[in-house]
Amino acid sequence: MLALVLSMSTAAQAAESGYQSLIISYRTTPAGRPALLDALRTRLAPRLDKLHAKDTLSHYRILFSRLADSQTWDALVVLEFRNAAQSAAWRAIDTQTPGGLDAKSLADTTAVESTISDSIGSGGPFSGGSDPVYMAIPYDYFVSPSEYAAYAHAYVEPQTNGWIKAGALNAYQLYIARYPAGRGWMSMLLLAYHGDAGLDERDAVVAATRKSLASNPEWAAQAQGKHHIRTEKAAMIADRIAGD
């Protein structure tokens with residue numbers, strides 16, 4: 001309960017201060033994937049490095065999907081802003097270079113979706129470990145944001161913390177979109193696994209963790225009712241191109 005109170009308090013302060021995350025997804029044609037990957041590595045990453053060095057950006061992460069999939073994104077960029085000044089600086093950049101990409105990079109980009117969001121839970125160091133493999137799981141939910149946050153703390157976090165304890169997962173972060181109406185997702189769980197070995201252990205670790213949590217009445221109740229709270233959408237596997 002304390003974690004929930006702290007998280008909701010942080011979210012309220014974030015809304016007042018302008019602190020937020022921005023999750024940008026990029027889509028291209030299958031033939032355009034190599035060019036998009038090159039643009040992210042050679043043009044966007046250096047730009048974000050400079051913003052971070054000038055303290056105009058708190059953190060960033062560039063992910064590229066492992067396989068072509070026309071149903072979802074090819075690249076995902078997560079930007080973290082510490083205050084309103086940082087988020088305002090990015091908005092100014094976006095007016096000149098939409099999604100942070102120049103005109104040449106955007107030529108073969110078929111869609112860019114920028115989702116303002118807030119983190120409602122996290123664990124583990126994203127910057128730790130070598131060769132992390134990422135899984136991004138989007139969700140839609142059918143309850144209020146505060147009810148979803150309560151569900152996340154009672155059901156999601158005990159599991160993700162268990163995966164970290166088991167050694168398969170390095171870190172996780174759960175985001176909710178601020179203005180979700182009509183968007184591709186309402187919340188997103190970003191998981192950083194300990195390489196391919198950690199990802200390969202996912203099913204076994206999930207099963208073992210749920211078995212150990214089944215004796216917890218609060219967790220078990222959330223497990224039974226989760227289908228009335230949210231629906232899971234297509235997960236994506238991605239590698240980190242740049243960032244922390």
# chains A, B, ... in the order shown; residues from 1 in each chain; ligands from 1
$ closest_atom_pairs --of "region 54-155 of chain A" --to "region 35-45 of chain A" --cutoff "12 Å" --atoms "only C-alpha atoms" --output "Markdown table"
| residue | atom | partner | partner_atom | distance |
| --- | --- | --- | --- | --- |
| A:His59 | CA | A:Ala45 | CA | 11.8 |
| A:Tyr60 | CA | A:Ala45 | CA | 9.1 |
| A:Arg61 | CA | A:Ala45 | CA | 9.0 |
| A:Ile62 | CA | A:Leu40 | CA | 7.7 |
| A:Leu63 | CA | A:Leu40 | CA | 9.2 |
| A:Phe64 | CA | A:Leu37 | CA | 7.3 |
| A:Ser65 | CA | A:Leu37 | CA | 9.8 |
| A:Arg66 | CA | A:Leu37 | CA | 11.1 |
| A:Trp73 | CA | A:Leu36 | CA | 11.7 |
| A:Asp74 | CA | A:Leu36 | CA | 8.6 |
| A:Ala75 | CA | A:Leu37 | CA | 8.1 |
| A:Leu76 | CA | A:Leu40 | CA | 10.1 |
| A:Val77 | CA | A:Leu40 | CA | 9.4 |
| A:Val78 | CA | A:Ala45 | CA | 11.9 |
| A:Leu79 | CA | A:Ala45 | CA | 11.7 |
| A:Ile93 | CA | A:Leu44 | CA | 11.8 |
| A:Thr97 | CA | A:Leu44 | CA | 10.3 |
| A:Pro98 | CA | A:Leu44 | CA | 11.4 |
| A:Gly99 | CA | A:Leu44 | CA | 9.4 |
| A:Gly100 | CA | A:Leu44 | CA | 6.5 |
| A:Leu101 | CA | A:Leu44 | CA | 6.5 |
| A:Asp102 | CA | A:Arg43 | CA | 8.4 |
| A:Ala103 | CA | A:Ala39 | CA | 10.8 |
| A:Lys104 | CA | A:Ala39 | CA | 8.8 |
| A:Ser105 | CA | A:Ala39 | CA | 5.9 |
| A:Leu106 | CA | A:Leu36 | CA | 8.4 |
| A:Ala107 | CA | A:Leu36 | CA | 9.6 |
| A:Asp108 | CA | A:Leu36 | CA | 7.7 |
| A:Thr109 | CA | A:Leu36 | CA | 7.5 |
| A:Thr110 | CA | A:Leu36 | CA | 10.8 |
| A:Ala111 | CA | A:Leu36 | CA | 11.9 |
$ atom_distance --atom1 "CA of Gly184 (chain A)" --atom2 "CA of Ala92 (chain A)"
24.5 Å
$ select_by_dssp --residues "region 158-197 of chain A" --states "alpha helix (DSSP H)" --output "count of residues only"
12
$ closest_residue --among "A:Ala238, A:Val112, A:Ala68, A:Val156" --to "Leu199 (chain A)" --atoms "only C-alpha atoms"
A:Ala238
$ closest_residue --among "A:Leu189, A:Ile237, A:Ala31, A:Ala53" --to "Tyr134 (chain A)" --atoms "only C-alpha atoms"
A:Ile237
$ closest_residue --among "A:Arg210, A:Lys233, A:Lys226, A:Arg178" --to "Ile23 (chain A)" --atoms "only C-alpha atoms"
A:Arg178
$ closest_residue --among "A:Met236, A:Leu67, A:Ala84, A:Ala89" --to "Leu48 (chain A)" --atoms "only C-alpha atoms"
A:Ala89
$ closest_residue --among "A:Gln224, A:Gln20, A:Gln173, A:Ser215" --to "Tyr151 (chain A)" --atoms "only C-alpha atoms"
A:Gln224
$ residues_around --residues "Pro158 (chain A)" --least-positions-apart "3" --cutoff "10 Å" --atoms "only C-alpha atoms" --output "list in words"
Ala152, His153, Ala154, Tyr155, Asn161, Gly162, Trp163, Thr209, Arg210, Leu213 and Trp219 of chain A
$ write_last_selection --atoms "all heavy atoms" --output "short mmCIF file (atom, residue, chain, number, x, y, z; two decimals), in the first residue's frame"
data_model
loop_
_atom_site.label_atom_id
_atom_site.label_comp_id
_atom_site.auth_asym_id
_atom_site.auth_seq_id
_atom_site.Cartn_x
_atom_site.Cartn_y
_atom_site.Cartn_z
N ALA A 152 -1.39 -3.00 -10.70
CA ALA A 152 0.02 -3.18 -11.06
C ALA A 152 0.88 -3.45 -9.83
O ALA A 152 1.75 -4.33 -9.85
CB ALA A 152 0.53 -1.96 -11.81
N HIS A 153 0.63 -2.73 -8.76
CA HIS A 153 1.43 -2.92 -7.55
C HIS A 153 1.10 -4.25 -6.87
O HIS A 153 1.98 -4.89 -6.29
CB HIS A 153 1.21 -1.75 -6.59
CG HIS A 153 1.84 -0.48 -7.05
ND1 HIS A 153 3.20 -0.32 -7.20
CD2 HIS A 153 1.28 0.69 -7.44
CE1 HIS A 153 3.46 0.90 -7.63
NE2 HIS A 153 2.31 1.53 -7.79
N ALA A 154 -0.15 -4.66 -6.95
CA ALA A 154 -0.55 -5.90 -6.27
C ALA A 154 -0.25 -7.14 -7.08
O ALA A 154 0.05 -8.20 -6.51
CB ALA A 154 -2.05 -5.84 -5.94
N TYR A 155 -0.31 -7.05 -8.41
CA TYR A 155 -0.18 -8.25 -9.24
C TYR A 155 1.08 -8.27 -10.11
O TYR A 155 1.80 -9.26 -10.14
CB TYR A 155 -1.40 -8.37 -10.17
CG TYR A 155 -1.33 -9.55 -11.10
CD1 TYR A 155 -1.57 -10.84 -10.64
CD2 TYR A 155 -1.00 -9.38 -12.46
CE1 TYR A 155 -1.49 -11.94 -11.50
CE2 TYR A 155 -0.92 -10.47 -13.31
CZ TYR A 155 -1.16 -11.74 -12.83
OH TYR A 155 -1.07 -12.81 -13.68
N ASN A 161 9.42 -8.50 -9.82
CA ASN A 161 10.49 -8.56 -8.81
C ASN A 161 10.96 -10.00 -8.61
O ASN A 161 12.14 -10.25 -8.37
CB ASN A 161 9.99 -7.97 -7.49
CG ASN A 161 9.83 -6.46 -7.56
OD1 ASN A 161 10.55 -5.79 -8.30
ND2 ASN A 161 8.89 -5.92 -6.81
N GLY A 162 10.03 -10.95 -8.73
CA GLY A 162 10.40 -12.36 -8.64
C GLY A 162 11.27 -12.79 -9.80
O GLY A 162 12.21 -13.59 -9.63
N TRP A 163 11.00 -12.28 -10.99
CA TRP A 163 11.83 -12.63 -12.15
C TRP A 163 13.24 -12.08 -12.00
O TRP A 163 14.21 -12.72 -12.41
CB TRP A 163 11.19 -12.08 -13.43
CG TRP A 163 9.78 -12.53 -13.65
CD1 TRP A 163 9.13 -13.59 -13.06
CD2 TRP A 163 8.82 -11.93 -14.52
NE1 TRP A 163 7.83 -13.67 -13.49
CE2 TRP A 163 7.60 -12.68 -14.40
CE3 TRP A 163 8.84 -10.85 -15.40
CZ2 TRP A 163 6.46 -12.36 -15.12
CZ3 TRP A 163 7.70 -10.52 -16.12
CH2 TRP A 163 6.53 -11.28 -15.98
N THR A 209 7.38 -18.40 -10.49
CA THR A 209 7.05 -17.23 -9.68
C THR A 209 5.56 -17.21 -9.34
O THR A 209 5.18 -16.93 -8.19
CB THR A 209 7.45 -15.94 -10.42
OG1 THR A 209 8.85 -15.97 -10.73
CG2 THR A 209 7.15 -14.71 -9.57
N ARG A 210 4.73 -17.51 -10.32
CA ARG A 210 3.29 -17.54 -10.05
C ARG A 210 2.93 -18.64 -9.05
O ARG A 210 2.04 -18.44 -8.22
CB ARG A 210 2.53 -17.73 -11.36
CG ARG A 210 2.55 -16.51 -12.25
CD ARG A 210 1.82 -16.73 -13.56
NE ARG A 210 1.79 -15.49 -14.34
CZ ARG A 210 1.30 -15.39 -15.57
NH1 ARG A 210 0.80 -16.47 -16.17
NH2 ARG A 210 1.31 -14.23 -16.20
N LEU A 213 3.69 -17.34 -5.65
CA LEU A 213 2.81 -16.25 -5.22
C LEU A 213 1.37 -16.70 -4.99
O LEU A 213 0.57 -15.94 -4.42
CB LEU A 213 2.82 -15.14 -6.29
CG LEU A 213 4.10 -14.30 -6.40
CD1 LEU A 213 4.04 -13.44 -7.66
CD2 LEU A 213 4.31 -13.45 -5.16
N TRP A 219 -2.55 -11.36 -4.06
CA TRP A 219 -2.06 -11.63 -5.41
C TRP A 219 -2.99 -12.60 -6.14
O TRP A 219 -3.32 -12.40 -7.31
CB TRP A 219 -0.64 -12.19 -5.38
CG TRP A 219 -0.06 -12.36 -6.75
CD1 TRP A 219 0.63 -11.44 -7.47
CD2 TRP A 219 -0.18 -13.52 -7.59
NE1 TRP A 219 0.96 -11.94 -8.70
CE2 TRP A 219 0.48 -13.22 -8.80
CE3 TRP A 219 -0.76 -14.78 -7.43
CZ2 TRP A 219 0.57 -14.14 -9.85
CZ3 TRP A 219 -0.67 -15.69 -8.47
CH2 TRP A 219 -0.02 -15.37 -9.66
#
$ closest_residue --among "A:Gly123, A:Pro30, A:Pro145, A:Pro138" --to "Ile229 (chain A)" --atoms "only C-alpha atoms"
A:Pro145
$ residues_around --residues "Ala234 (chain A)" --least-positions-apart "6" --cutoff "9 Å" --atoms "only C-alpha atoms" --output "list in words"
Gln71, Thr72, Ala136, Ile137, Pro138 and Tyr139 of chain A
$ write_last_selection --atoms "N, CA, C and O atoms" --output "PDB file, in the first residue's frame"
ATOM      1  N   GLN A  71       2.651  -5.695 -38.304  1.00  0.00           N
ATOM      2  CA  GLN A  71       1.539  -5.437 -37.391  1.00  0.00           C
ATOM      3  C   GLN A  71       1.883  -4.458 -36.275  1.00  0.00           C
ATOM      4  O   GLN A  71       0.996  -3.990 -35.568  1.00  0.00           O
ATOM      5  N   THR A  72       3.170  -4.156 -36.121  1.00  0.00           N
ATOM      6  CA  THR A  72       3.550  -3.298 -34.992  1.00  0.00           C
ATOM      7  C   THR A  72       4.775  -2.469 -35.364  1.00  0.00           C
ATOM      8  O   THR A  72       5.080  -2.287 -36.543  1.00  0.00           O
ATOM      9  N   ALA A 136       8.778  -5.665 -24.975  1.00  0.00           N
ATOM     10  CA  ALA A 136       7.820  -4.587 -24.722  1.00  0.00           C
ATOM     11  C   ALA A 136       6.417  -5.157 -24.885  1.00  0.00           C
ATOM     12  O   ALA A 136       6.079  -5.670 -25.955  1.00  0.00           O
ATOM     13  N   ILE A 137       5.628  -5.073 -23.813  1.00  0.00           N
ATOM     14  CA  ILE A 137       4.279  -5.644 -23.830  1.00  0.00           C
ATOM     15  C   ILE A 137       3.269  -4.512 -23.638  1.00  0.00           C
ATOM     16  O   ILE A 137       3.205  -3.905 -22.571  1.00  0.00           O
ATOM     17  N   PRO A 138       2.467  -4.216 -24.665  1.00  0.00           N
ATOM     18  CA  PRO A 138       1.437  -3.182 -24.528  1.00  0.00           C
ATOM     19  C   PRO A 138       0.132  -3.784 -23.995  1.00  0.00           C
ATOM     20  O   PRO A 138      -0.164  -4.961 -24.238  1.00  0.00           O
ATOM     21  N   TYR A 139      -0.631  -2.962 -23.295  1.00  0.00           N
ATOM     22  CA  TYR A 139      -1.918  -3.384 -22.740  1.00  0.00           C
ATOM     23  C   TYR A 139      -2.949  -2.282 -22.954  1.00  0.00           C
ATOM     24  O   TYR A 139      -2.608  -1.095 -23.033  1.00  0.00           O
TER      25      TYR A 139
END
$ select_by_dssp --residues "region 12-212 of chain A" --states "strand (DSSP E or B)" --output "ChimeraX atom specification"
/A:20-28,59-65,75-81,109-123,133-141,169-177,187-193
$ residues_around --residues "Leu174 (chain A)" --least-positions-apart "3" --cutoff "8 Å" --atoms "only C-alpha atoms" --output "JSON list (two decimals) with C-alpha atoms, in the first residue's frame"
[["chain", "number", "residue", "atom", "x", "y", "z"],
["A", 119, "SER", "CA", 6.13, 5.49, -15.05],
["A", 120, "ILE", "CA", 4.05, 3.88, -12.29],
["A", 121, "GLY", "CA", 6.52, 1.17, -11.30],
["A", 122, "SER", "CA", 10.07, 0.01, -11.89],
["A", 187, "SER", "CA", 0.05, 0.90, -20.63],
["A", 188, "MET", "CA", 3.36, -0.66, -21.57],
["A", 189, "LEU", "CA", 5.56, -3.04, -19.61],
["A", 190, "LEU", "CA", 9.19, -2.81, -20.69]]
